[in-house]
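First comes the structure, then the notes that go with it.
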Amino acid sequence: MKDSEQKNEQKTIEHKSFVYLHNMKKTFAIFIICCTIGVLQAWAHPYKVNEIPMVHLQDRTRYVSNPDQILSSQTTTSIDSILYNLEQQTGIETLVVAVNEIEGGDCFEFALQLGKQQGVGKKETNNGLVILLVTRERCIQFVTGYGLEGTLPDAVCKRIQIQYMNQPFSQGDWDTGMMAGIRAVNRYLIDYRDGTERAETSATDYYPPLIFIATVLLLFFVFAYRRLRRKSRCPHCKKHTLQRSTSRLLSEVNGIRREEVVYTCTYCGYTVVREEESQDNRHDGFGGRGGGPIIFGGGFFGGRGGHGGGFSGGSFGGGDFGGGGAGSKF
Amino acid sequence: MKHLMKFIFVAISAILFSSCGYNSMVEKEEAVNTAWSNVENQYQRRADLIPNLVNTVKGYASHEAETLESVVQARAKATQITLNAEDLTPEKLQQYQKAQGEIGSALGRLMRITENYPELKANQNFQELQAQLEGTENRISVERRNFNQATQDYNTFIRKFPQNLIANMFGFEKKPYFEAESGNEKAPEVKF
């Protein structure tokens, strides 16, 4: 009697755990199905104009929106650098988008709305350029802003597509086609700019003075830096670990202080005694030319911020589009 | 006394105009006029492309004389109809649109024929003309849409109270829209 009860109990426990396991399996299965559907949807669903991720707004050095990974990361990087350079030189803002599918299926309309909504191009000059590749529609579309229509006429857009893009695209070689097309566009725009510049300002060139000043400043900073480094260098262990420890005033005539300063190396403990002259009694640097390091630090980081800080978000200038450009089916 | 009354009348009407949007009406009407001239420019641009295009096609497909002729005639007819922004009436706009629509459909037929001439299609001059033509068609549709938007903006403004009183007084009238191209003009021919 007892045995059978125990058995029964065991059975119910087993049953319960079975039900539990079964439920878990079910939930897990549902979870997996949901995930797959989610992934499939994200993968296969046609983009709306406002769903295209704008990488340029996060990072101003990036111009290629490639959410479906149609282009390789190598291609995107080199296109980014070409287009960054183009914007620096000519001010022309470009947006490149490569997707599998778009809503509506009208490449021209989509590219136009993309340019208008994002405001690609400067507001005053409307010099935006949108390049859209939609693999499922088998189309490549250029759209030029109002102000770019004269620089990059429709016929040139078409010629670039025919010469460089359509052939590789028709074979599914997205990287080659896009790369060659962007290169051609860049070359054309740079050549155009050079042509007009030579015609306009051949006599008055504003660059040499700027370059000269920049060089002088740079040399100054380099010398200041080396001087500073030399000052902090320990003659015993050759490490830059000398620090001012004590000082004794020798004389003070007409606001010029002469002091004897003792430097101690924090690495090997070696001490150096130097006689120094200074204008006032500030000791914020290594004595002597106290202003030097401050100017130097500012200059150094300022320069870095201007040229190397490539991770800040960019923006488009609000350019408008009037339907210029050309498209091809491949 | 009469002088004073006159002054008061002018002052009151000045306040009325500024608060009831007379100036905005003028601005919005001017925006419609600008949009209209943009539309006309783009149609003109298409008309300017036609002689060159026809000549190029003639060089390769001379025996398609009928189609070529229809394009030239449609162009001749349409260039006769010009429409000033000042006298935009629904009838006149429709007439204008119809004439331009005929160019459009004649050009459509011409471009379909060119599909049969691979040598023509490979001609670089023709390819560029084709690109220009496509670009112009795109520009036309963009400018038409801009025109409709400007017109809608203007129309809604002048029909709202109290602007409608001022609008009636000074003869600001509702302006017509471009209608969507009627289907049969652009429908592709299907042959089995």
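Just remember, in the structure tokens the first chain shown is A, the second B, etc., residues are 1-based per chain, and ligands are 1-based in the order shown.
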Counting only C-alpha atoms, what is within 10 Å of Glu143 in chain B, bar same-chain residues fewer than 4 positions away, as an NGL selection string? (:A and (322-323)) or (:B and (35-43 or 137-139 or 147-149))
Pull out every residue of chain A that has at least one atom within 7 Å of chain B, counting only C-alpha atoms, and report them as a list in words. Asp154, Ala155, Lys158, Gly322, Gly323, Gly324, Gly325 and Ala326 of chain A
Gln167 in chain A: which residues within 12 Å, counting only C-alpha atoms, same-chain residues fewer than 3 positions away excluded, as an NGL selection string? :A and (138 or 140 or 160-164 or 170-178 or 180-181 or 328-330)
Please save N, CA and C atoms of the selected residues as a short mmCIF file (atom, residue, chain, number, x, y, z; two decimals), in the first residue's frame.
```
data_model
loop_
_atom_site.label_atom_id
_atom_site.label_comp_id
_atom_site.auth_asym_id
_atom_site.auth_seq_id
_atom_site.Cartn_x
_atom_site.Cartn_y
_atom_site.Cartn_z
N ARG A 138 17.52 46.42 -58.88
CA ARG A 138 18.61 46.48 -59.85
C ARG A 138 18.76 47.89 -60.42
N ILE A 140 20.72 51.86 -59.97
CA ILE A 140 21.66 52.80 -59.36
C ILE A 140 21.17 54.18 -59.72
N ILE A 160 29.00 58.06 -66.20
CA ILE A 160 29.75 57.37 -65.14
C ILE A 160 29.10 56.03 -64.83
N GLN A 161 27.77 56.02 -64.77
CA GLN A 161 27.07 54.76 -64.48
C GLN A 161 27.33 53.74 -65.58
N ILE A 162 27.24 54.19 -66.83
CA ILE A 162 27.42 53.25 -67.94
C ILE A 162 28.85 52.74 -67.99
N GLN A 163 29.80 53.66 -67.79
CA GLN A 163 31.20 53.27 -67.94
C GLN A 163 31.72 52.44 -66.78
N TYR A 164 31.31 52.78 -65.56
CA TYR A 164 31.98 52.18 -64.42
C TYR A 164 31.11 51.25 -63.57
N SER A 170 25.76 44.39 -62.72
CA SER A 170 24.94 43.36 -63.34
C SER A 170 25.46 41.97 -62.97
N GLN A 171 26.74 41.90 -62.58
CA GLN A 171 27.27 40.60 -62.14
C GLN A 171 27.24 40.47 -60.61
N GLY A 172 26.62 41.44 -59.95
CA GLY A 172 26.51 41.36 -58.50
C GLY A 172 27.78 41.76 -57.78
N ASP A 173 28.71 42.39 -58.50
CA ASP A 173 29.96 42.82 -57.86
C ASP A 173 29.77 44.25 -57.36
N TRP A 174 29.10 44.36 -56.22
CA TRP A 174 28.72 45.68 -55.72
C TRP A 174 29.93 46.53 -55.37
N ASP A 175 30.95 45.88 -54.77
CA ASP A 175 32.13 46.63 -54.31
C ASP A 175 32.83 47.32 -55.47
N THR A 176 33.13 46.53 -56.50
CA THR A 176 33.88 47.09 -57.62
C THR A 176 33.12 48.23 -58.27
N GLY A 177 31.83 48.00 -58.52
CA GLY A 177 31.03 49.01 -59.21
C GLY A 177 30.95 50.29 -58.42
N MET A 178 30.65 50.17 -57.12
CA MET A 178 30.47 51.36 -56.29
C MET A 178 31.78 52.13 -56.18
N ALA A 180 34.39 52.13 -58.22
CA ALA A 180 34.78 52.77 -59.48
C ALA A 180 33.91 53.99 -59.74
N GLY A 181 32.61 53.86 -59.45
CA GLY A 181 31.70 54.97 -59.68
C GLY A 181 32.03 56.17 -58.82
N SER A 328 20.21 54.35 -63.64
CA SER A 328 20.32 53.27 -64.61
C SER A 328 19.79 51.99 -64.00
N LYS A 329 19.28 51.14 -64.87
CA LYS A 329 18.94 49.77 -64.45
C LYS A 329 20.02 48.88 -65.00
N PHE A 330 20.40 47.88 -64.22
CA PHE A 330 21.47 47.02 -64.73
C PHE A 330 21.05 45.57 -64.75
#
```
All residues 9 Å or closer to Val185 in chain A, only C-alpha atoms, same chain fewer than 2 positions away omitted, as a count of residues only: 12
According to DSSP computed on the backbone, where in chain B is there alpha helix (DSSP H)? Give the residues as a VMD selection string. chain B and resid 2 to 19 22 to 60 65 to 80 90 to 114 118 to 122 124 to 159 163 to 170 183 to 186
Among listed residues A:Phe220, A:Phe212, A:Tyr267, A:Phe316, nearest Cys234 in chain A (using only C-alpha atoms):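 Of the candidates, the smallest distance to Cys234 in chain A is held by A:Tyr267.
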Determine, counting only C-alpha atoms, which protein, DNA and RNA residues have an atom within 12 Å of an atom of Leu133 in chain A; residues of the same chain fewer than 3 positions away are not included. Present the result as a compact mmCIF listing (two decimals) with all heavy atoms, in the first residue's frame.
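File result29.txt, as written:
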```txt
# COMPACT_ATOMS: atom_id res chain seq x y z
N VAL A 64 28.72 56.54 -45.98
CA VAL A 64 28.08 55.39 -46.61
C VAL A 64 27.14 54.72 -45.63
O VAL A 64 27.55 54.29 -44.55
CB VAL A 64 29.13 54.37 -47.10
CG1 VAL A 64 28.44 53.25 -47.85
CG2 VAL A 64 30.15 55.04 -47.97
N SER A 65 25.86 54.65 -45.99
CA SER A 65 24.89 53.92 -45.17
C SER A 65 24.69 52.56 -45.81
O SER A 65 24.20 52.45 -46.92
CB SER A 65 23.58 54.70 -45.12
OG SER A 65 22.66 53.99 -44.34
N ASN A 66 25.10 51.55 -45.09
CA ASN A 66 25.18 50.22 -45.67
C ASN A 66 24.54 49.21 -44.73
O ASN A 66 25.19 48.28 -44.25
CB ASN A 66 26.68 49.91 -45.90
CG ASN A 66 26.92 48.61 -46.60
OD1 ASN A 66 26.09 48.14 -47.36
ND2 ASN A 66 28.06 48.00 -46.31
N PRO A 67 23.25 49.37 -44.41
CA PRO A 67 22.65 48.57 -43.35
C PRO A 67 22.54 47.09 -43.68
O PRO A 67 22.49 46.25 -42.78
CB PRO A 67 21.27 49.19 -43.17
CG PRO A 67 20.98 49.85 -44.46
CD PRO A 67 22.27 50.30 -45.02
N ASP A 68 22.50 46.75 -44.95
CA ASP A 68 22.36 45.34 -45.32
C ASP A 68 23.69 44.68 -45.65
O ASP A 68 23.73 43.57 -46.16
CB ASP A 68 21.42 45.22 -46.53
CG ASP A 68 20.01 45.68 -46.20
OD1 ASP A 68 19.66 45.65 -45.01
OD2 ASP A 68 19.29 46.08 -47.12
N ILE A 70 25.81 45.21 -47.95
CA ILE A 70 25.99 44.90 -49.36
C ILE A 70 27.43 45.19 -49.78
O ILE A 70 28.03 44.45 -50.53
CB ILE A 70 24.99 45.73 -50.21
CG1 ILE A 70 23.58 45.23 -49.94
CG2 ILE A 70 25.32 45.62 -51.69
CD1 ILE A 70 22.51 46.17 -50.39
N LEU A 71 27.97 46.28 -49.25
CA LEU A 71 29.35 46.63 -49.56
C LEU A 71 30.24 46.10 -48.43
O LEU A 71 29.81 46.03 -47.28
CB LEU A 71 29.50 48.15 -49.65
CG LEU A 71 28.59 48.84 -50.66
CD1 LEU A 71 28.66 50.34 -50.50
CD2 LEU A 71 28.96 48.45 -52.08
N LEU A 95 25.86 61.57 -49.94
CA LEU A 95 25.29 60.49 -49.14
C LEU A 95 25.21 59.27 -50.03
O LEU A 95 24.63 59.33 -51.12
CB LEU A 95 23.89 60.90 -48.65
CG LEU A 95 23.04 59.81 -48.02
CD1 LEU A 95 23.67 59.31 -46.74
CD2 LEU A 95 21.64 60.34 -47.73
N VAL A 96 25.82 58.18 -49.59
CA VAL A 96 25.76 56.94 -50.36
C VAL A 96 24.93 55.94 -49.57
O VAL A 96 25.17 55.74 -48.38
CB VAL A 96 27.17 56.38 -50.61
CG1 VAL A 96 27.10 55.07 -51.38
CG2 VAL A 96 28.02 57.38 -51.36
N VAL A 97 23.94 55.35 -50.22
CA VAL A 97 23.10 54.37 -49.54
C VAL A 97 23.04 53.10 -50.39
O VAL A 97 22.82 53.17 -51.60
CB VAL A 97 21.67 54.92 -49.33
CG1 VAL A 97 20.78 53.85 -48.75
CG2 VAL A 97 21.69 56.13 -48.43
N ALA A 98 23.28 51.97 -49.76
CA ALA A 98 23.16 50.69 -50.47
C ALA A 98 22.24 49.79 -49.66
O ALA A 98 22.53 49.49 -48.51
CB ALA A 98 24.52 50.05 -50.64
N VAL A 99 21.10 49.41 -50.22
CA VAL A 99 20.14 48.56 -49.52
C VAL A 99 19.62 47.47 -50.46
O VAL A 99 19.79 47.55 -51.68
CB VAL A 99 18.94 49.35 -48.97
CG1 VAL A 99 19.34 50.21 -47.80
CG2 VAL A 99 18.29 50.19 -50.04
N ASN A 100 18.97 46.48 -49.84
CA ASN A 100 18.40 45.40 -50.65
C ASN A 100 17.10 45.81 -51.31
O ASN A 100 16.84 45.49 -52.45
CB ASN A 100 18.14 44.17 -49.77
CG ASN A 100 19.39 43.36 -49.56
OD1 ASN A 100 20.22 43.27 -50.46
ND2 ASN A 100 19.54 42.80 -48.38
N GLU A 101 16.27 46.49 -50.51
CA GLU A 101 14.91 46.71 -50.99
C GLU A 101 14.40 48.04 -50.44
O GLU A 101 14.73 48.42 -49.32
CB GLU A 101 14.02 45.59 -50.45
CG GLU A 101 12.94 45.17 -51.40
CD GLU A 101 12.17 43.97 -50.86
OE1 GLU A 101 12.73 43.20 -50.06
OE2 GLU A 101 11.01 43.82 -51.22
N ILE A 102 13.59 48.72 -51.25
CA ILE A 102 12.99 49.96 -50.75
C ILE A 102 11.49 49.90 -50.91
O ILE A 102 10.98 49.20 -51.79
CB ILE A 102 13.53 51.20 -51.51
CG1 ILE A 102 13.37 51.03 -53.01
CG2 ILE A 102 14.95 51.49 -51.12
CD1 ILE A 102 13.62 52.26 -53.80
N GLY A 105 9.59 50.98 -54.44
CA GLY A 105 10.37 50.48 -55.57
C GLY A 105 10.77 51.54 -56.58
O GLY A 105 11.31 51.20 -57.63
N ASP A 106 10.50 52.83 -56.29
CA ASP A 106 10.88 53.88 -57.23
C ASP A 106 12.20 54.49 -56.76
O ASP A 106 12.24 55.25 -55.80
CB ASP A 106 9.78 54.94 -57.30
CG ASP A 106 10.07 55.99 -58.36
OD1 ASP A 106 11.24 56.10 -58.78
OD2 ASP A 106 9.12 56.69 -58.77
N CYS A 107 13.27 54.16 -57.46
CA CYS A 107 14.60 54.55 -56.98
C CYS A 107 14.78 56.06 -57.02
O CYS A 107 15.34 56.65 -56.10
CB CYS A 107 15.68 53.90 -57.83
SG CYS A 107 15.63 52.13 -57.71
N PHE A 108 14.32 56.69 -58.09
CA PHE A 108 14.49 58.15 -58.19
C PHE A 108 13.77 58.84 -57.05
O PHE A 108 14.34 59.68 -56.35
CB PHE A 108 13.96 58.66 -59.53
CG PHE A 108 13.79 60.16 -59.54
CD1 PHE A 108 14.90 60.97 -59.58
CD2 PHE A 108 12.53 60.73 -59.45
CE1 PHE A 108 14.76 62.35 -59.54
CE2 PHE A 108 12.38 62.09 -59.42
CZ PHE A 108 13.50 62.91 -59.46
N PHE A 110 12.77 57.70 -54.23
CA PHE A 110 13.36 57.38 -52.93
C PHE A 110 14.62 58.22 -52.67
O PHE A 110 14.78 58.82 -51.61
CB PHE A 110 13.71 55.89 -52.88
CG PHE A 110 13.97 55.36 -51.51
CD1 PHE A 110 12.93 54.91 -50.72
CD2 PHE A 110 15.27 55.32 -51.00
CE1 PHE A 110 13.18 54.41 -49.45
CE2 PHE A 110 15.51 54.83 -49.73
CZ PHE A 110 14.46 54.38 -48.96
N ALA A 111 15.48 58.26 -53.68
CA ALA A 111 16.72 59.03 -53.53
C ALA A 111 16.42 60.51 -53.34
O ALA A 111 17.04 61.19 -52.52
CB ALA A 111 17.61 58.83 -54.75
N VAL A 130 23.18 62.54 -53.77
CA VAL A 130 22.74 61.27 -53.17
C VAL A 130 22.99 60.16 -54.19
O VAL A 130 22.62 60.29 -55.35
CB VAL A 130 21.26 61.30 -52.79
CG1 VAL A 130 20.83 59.95 -52.23
CG2 VAL A 130 20.98 62.39 -51.79
N ARG A 136 17.65 44.82 -55.17
CA ARG A 136 16.50 44.07 -55.67
C ARG A 136 15.82 44.77 -56.84
O ARG A 136 15.25 44.11 -57.70
CB ARG A 136 15.50 43.81 -54.53
CG ARG A 136 14.66 42.61 -54.84
CD ARG A 136 14.31 41.82 -53.61
NE ARG A 136 15.47 41.43 -52.82
CZ ARG A 136 15.37 40.95 -51.59
NH1 ARG A 136 14.20 40.82 -51.02
NH2 ARG A 136 16.44 40.62 -50.91
N GLU A 137 15.88 46.10 -56.84
CA GLU A 137 15.32 46.84 -57.98
C GLU A 137 16.31 46.88 -59.14
O GLU A 137 15.99 47.35 -60.22
CB GLU A 137 14.97 48.27 -57.57
CG GLU A 137 13.95 48.40 -56.48
CD GLU A 137 12.58 47.92 -56.90
OE1 GLU A 137 12.29 47.92 -58.10
OE2 GLU A 137 11.82 47.50 -56.01
N ARG A 138 17.52 46.42 -58.88
CA ARG A 138 18.61 46.48 -59.85
C ARG A 138 18.76 47.89 -60.42
O ARG A 138 18.76 48.10 -61.63
CB ARG A 138 18.41 45.45 -60.96
CG ARG A 138 18.18 44.04 -60.44
CD ARG A 138 18.44 42.98 -61.47
NE ARG A 138 19.85 42.82 -61.79
CZ ARG A 138 20.74 42.23 -61.00
NH1 ARG A 138 20.38 41.79 -59.81
NH2 ARG A 138 21.99 42.10 -61.38
N CYS A 139 18.86 48.85 -59.51
CA CYS A 139 18.99 50.22 -59.99
C CYS A 139 20.09 50.94 -59.25
O CYS A 139 20.40 50.65 -58.10
CB CYS A 139 17.68 51.00 -59.80
SG CYS A 139 17.38 51.50 -58.13
N ILE A 140 20.72 51.86 -59.97
CA ILE A 140 21.66 52.80 -59.36
C ILE A 140 21.17 54.18 -59.72
O ILE A 140 20.86 54.46 -60.87
CB ILE A 140 23.11 52.55 -59.82
CG1 ILE A 140 24.06 53.64 -59.33
CG2 ILE A 140 23.22 52.44 -61.35
CD1 ILE A 140 24.38 53.53 -57.87
N GLN A 141 21.02 55.04 -58.70
CA GLN A 141 20.43 56.35 -58.94
C GLN A 141 21.30 57.44 -58.34
O GLN A 141 21.66 57.36 -57.16
CB GLN A 141 19.02 56.40 -58.34
CG GLN A 141 18.33 57.74 -58.50
CD GLN A 141 17.81 57.96 -59.91
OE1 GLN A 141 17.19 57.07 -60.49
NE2 GLN A 141 18.08 59.12 -60.47
N PHE A 142 21.64 58.46 -59.15
CA PHE A 142 22.30 59.65 -58.63
C PHE A 142 21.23 60.74 -58.57
O PHE A 142 20.45 60.87 -59.51
CB PHE A 142 23.39 60.17 -59.56
CG PHE A 142 24.62 59.29 -59.66
CD1 PHE A 142 24.65 58.03 -59.12
CD2 PHE A 142 25.75 59.76 -60.31
CE1 PHE A 142 25.77 57.22 -59.22
CE2 PHE A 142 26.88 58.97 -60.43
CZ PHE A 142 26.90 57.70 -59.88
N VAL A 143 21.23 61.50 -57.50
CA VAL A 143 20.37 62.69 -57.46
C VAL A 143 21.24 63.87 -57.06
O VAL A 143 21.94 63.82 -56.05
CB VAL A 143 19.22 62.51 -56.45
CG1 VAL A 143 18.40 63.77 -56.39
CG2 VAL A 143 18.33 61.36 -56.84
N GLN A 161 27.77 56.02 -64.77
CA GLN A 161 27.07 54.76 -64.48
C GLN A 161 27.33 53.74 -65.58
O GLN A 161 27.61 52.57 -65.30
CB GLN A 161 25.57 55.02 -64.34
CG GLN A 161 25.23 55.76 -63.05
CD GLN A 161 23.84 56.34 -63.07
OE1 GLN A 161 23.08 56.16 -64.03
NE2 GLN A 161 23.49 57.06 -62.02
N MET A 165 29.80 51.50 -63.57
CA MET A 165 29.00 50.82 -62.54
C MET A 165 28.12 49.69 -63.07
O MET A 165 28.05 48.64 -62.44
CB MET A 165 28.15 51.86 -61.81
CG MET A 165 28.97 53.00 -61.23
SD MET A 165 27.99 54.30 -60.45
CE MET A 165 28.15 53.85 -58.74
N ASN A 166 27.45 49.93 -64.19
CA ASN A 166 26.44 48.97 -64.62
C ASN A 166 26.99 47.57 -64.86
O ASN A 166 26.36 46.58 -64.49
CB ASN A 166 25.75 49.47 -65.88
CG ASN A 166 24.87 50.66 -65.60
OD1 ASN A 166 24.71 51.06 -64.44
ND2 ASN A 166 24.31 51.25 -66.62
N PHE A 169 27.84 45.81 -61.54
CA PHE A 169 26.59 45.62 -60.79
C PHE A 169 25.77 44.48 -61.38
O PHE A 169 25.15 43.72 -60.66
CB PHE A 169 25.76 46.90 -60.81
CG PHE A 169 26.21 47.94 -59.82
CD1 PHE A 169 25.73 49.23 -59.87
CD2 PHE A 169 27.11 47.61 -58.81
CE1 PHE A 169 26.15 50.19 -58.96
CE2 PHE A 169 27.54 48.55 -57.90
CZ PHE A 169 27.07 49.85 -57.99
N GLY A 172 26.62 41.44 -59.95
CA GLY A 172 26.51 41.36 -58.50
C GLY A 172 27.78 41.76 -57.78
O GLY A 172 27.93 41.51 -56.59
N TRP A 174 29.10 44.36 -56.22
CA TRP A 174 28.72 45.68 -55.72
C TRP A 174 29.93 46.53 -55.37
O TRP A 174 29.96 47.73 -55.62
CB TRP A 174 27.79 45.55 -54.50
CG TRP A 174 26.72 44.54 -54.67
CD1 TRP A 174 26.52 43.41 -53.93
CD2 TRP A 174 25.67 44.53 -55.67
NE1 TRP A 174 25.43 42.71 -54.40
CE2 TRP A 174 24.90 43.37 -55.46
CE3 TRP A 174 25.34 45.37 -56.72
CZ2 TRP A 174 23.80 43.04 -56.25
CZ3 TRP A 174 24.24 45.05 -57.51
CH2 TRP A 174 23.49 43.90 -57.27
N ASP A 175 30.95 45.88 -54.77
CA ASP A 175 32.13 46.63 -54.31
C ASP A 175 32.83 47.32 -55.47
O ASP A 175 33.08 48.52 -55.42
CB ASP A 175 33.11 45.68 -53.60
CG ASP A 175 32.63 45.34 -52.21
OD1 ASP A 175 32.02 46.22 -51.58
OD2 ASP A 175 32.85 44.20 -51.77
N GLY A 177 31.83 48.00 -58.52
CA GLY A 177 31.03 49.01 -59.21
C GLY A 177 30.95 50.29 -58.42
O GLY A 177 31.17 51.38 -58.95
N MET A 178 30.65 50.17 -57.12
CA MET A 178 30.47 51.36 -56.29
C MET A 178 31.78 52.13 -56.18
O MET A 178 31.83 53.35 -56.30
CB MET A 178 29.96 50.94 -54.91
CG MET A 178 29.43 52.08 -54.10
SD MET A 178 28.15 53.04 -54.93
CE MET A 178 26.68 52.45 -54.16
N GLY A 181 32.61 53.86 -59.45
CA GLY A 181 31.70 54.97 -59.68
C GLY A 181 32.03 56.17 -58.82
O GLY A 181 32.11 57.30 -59.30
N GLY A 327 19.65 57.90 -63.48
CA GLY A 327 19.57 56.57 -62.93
C GLY A 327 19.73 55.54 -64.03
O GLY A 327 19.46 55.81 -65.19
N SER A 328 20.21 54.35 -63.64
CA SER A 328 20.32 53.27 -64.61
C SER A 328 19.79 51.99 -64.00
O SER A 328 19.85 51.80 -62.79
CB SER A 328 21.78 53.03 -65.00
OG SER A 328 22.34 54.15 -65.59
N LYS A 329 19.28 51.14 -64.87
CA LYS A 329 18.94 49.77 -64.45
C LYS A 329 20.02 48.88 -65.00
O LYS A 329 20.53 49.12 -66.10
CB LYS A 329 17.58 49.38 -65.04
CG LYS A 329 16.43 50.20 -64.48
CD LYS A 329 15.76 49.46 -63.36
CE LYS A 329 14.64 50.30 -62.75
NZ LYS A 329 13.99 49.60 -61.64
N PHE A 330 20.40 47.88 -64.22
CA PHE A 330 21.47 47.02 -64.73
C PHE A 330 21.05 45.57 -64.75
O PHE A 330 20.01 45.23 -64.22
CB PHE A 330 22.74 47.19 -63.91
CG PHE A 330 22.52 47.20 -62.42
CD1 PHE A 330 22.38 46.02 -61.71
CD2 PHE A 330 22.41 48.41 -61.73
CE1 PHE A 330 22.17 46.04 -60.34
CE2 PHE A 330 22.21 48.42 -60.37
CZ PHE A 330 22.08 47.24 -59.67
```
For range 108-120 of chain B, find every residue with an atom within 9 Å (counting only C-alpha atoms), except residues of its own chain fewer than 5 positions away, and show them as a ChimeraX atom specification. /B:54,56-57,59-61,64,67-68,71,103,126-127,130,186,188-189
Using C-alpha atoms, can you export the residues from the last selection as an mmCIF file, in the first residue's frame?
```
data_model
loop_
_atom_site.group_PDB
_atom_site.id
_atom_site.type_symbol
_atom_site.label_atom_id
_atom_site.label_comp_id
_atom_site.auth_asym_id
_atom_site.auth_seq_id
_atom_site.Cartn_x
_atom_site.Cartn_y
_atom_site.Cartn_z
ATOM 1 C CA VAL B 54 14.864 63.729 -83.101
ATOM 2 C CA THR B 56 19.943 61.750 -83.467
ATOM 3 C CA VAL B 57 17.223 59.136 -83.739
ATOM 4 C CA GLY B 59 20.277 59.066 -88.130
ATOM 5 C CA TYR B 60 19.635 55.477 -87.048
ATOM 6 C CA ALA B 61 15.927 54.960 -87.509
ATOM 7 C CA GLU B 64 10.215 55.617 -88.172
ATOM 8 C CA THR B 67 6.681 58.637 -84.760
ATOM 9 C CA LEU B 68 9.347 61.254 -85.241
ATOM 10 C CA VAL B 71 6.959 64.290 -81.611
ATOM 11 C CA ILE B 103 4.621 65.730 -76.045
ATOM 12 C CA PHE B 126 21.957 59.361 -77.697
ATOM 13 C CA GLN B 127 22.668 57.932 -74.254
ATOM 14 C CA GLN B 130 18.296 60.102 -73.024
ATOM 15 C CA LYS B 186 1.421 57.198 -69.998
ATOM 16 C CA PRO B 188 2.779 51.364 -71.729
ATOM 17 C CA GLU B 189 1.609 49.530 -74.807
#
```
Between CA of Ala184 in chain A and CA of Val120 in chain A, measure the distance and give it in Å to one decimal.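 According to the coordinates, CA of Ala184 in chain A and CA of Val120 in chain A are separated by 20.1 Å.
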Please determine, counting only C-alpha atoms, which residue among B:Tyr22, B:Tyr96, B:Phe9, B:Phe178 has the shortest atom-to-atom distance to Gln152 in chain B.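 Of B:Tyr22, B:Tyr96, B:Phe9, B:Phe178, the one nearest Gln152 in chain B, counting only C-alpha atoms, is B:Phe178.
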For Glu103 in chain A, please output as a VMD selection string all residues within 8 Å (counting only C-alpha atoms; exclusion window: fewer than 3 positions along the same chain). chain A and resid 46 to 49 106
From the list A:Glu109, A:Met179, A:Arg248, A:Leu242, which residue is nearest Gln74 in chain A when using only C-alpha atoms?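 Under the stated criterion, the closest residue is A:Met179.
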Atomic distance CA of Thr151 in chain A - CA of Phe321 in chain A, expressed in Å with one decimal: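 Taking CA of Thr151 in chain A as the start and CA of Phe321 in chain A as the end point, the length is 14.0 Å.
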Gap from CA of Asn127 in chain A to CA of Glu51 in chain A - Å, one decimal: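 Calculated distance between CA of Asn127 in chain A and CA of Glu51 in chain A is 23.3 Å.
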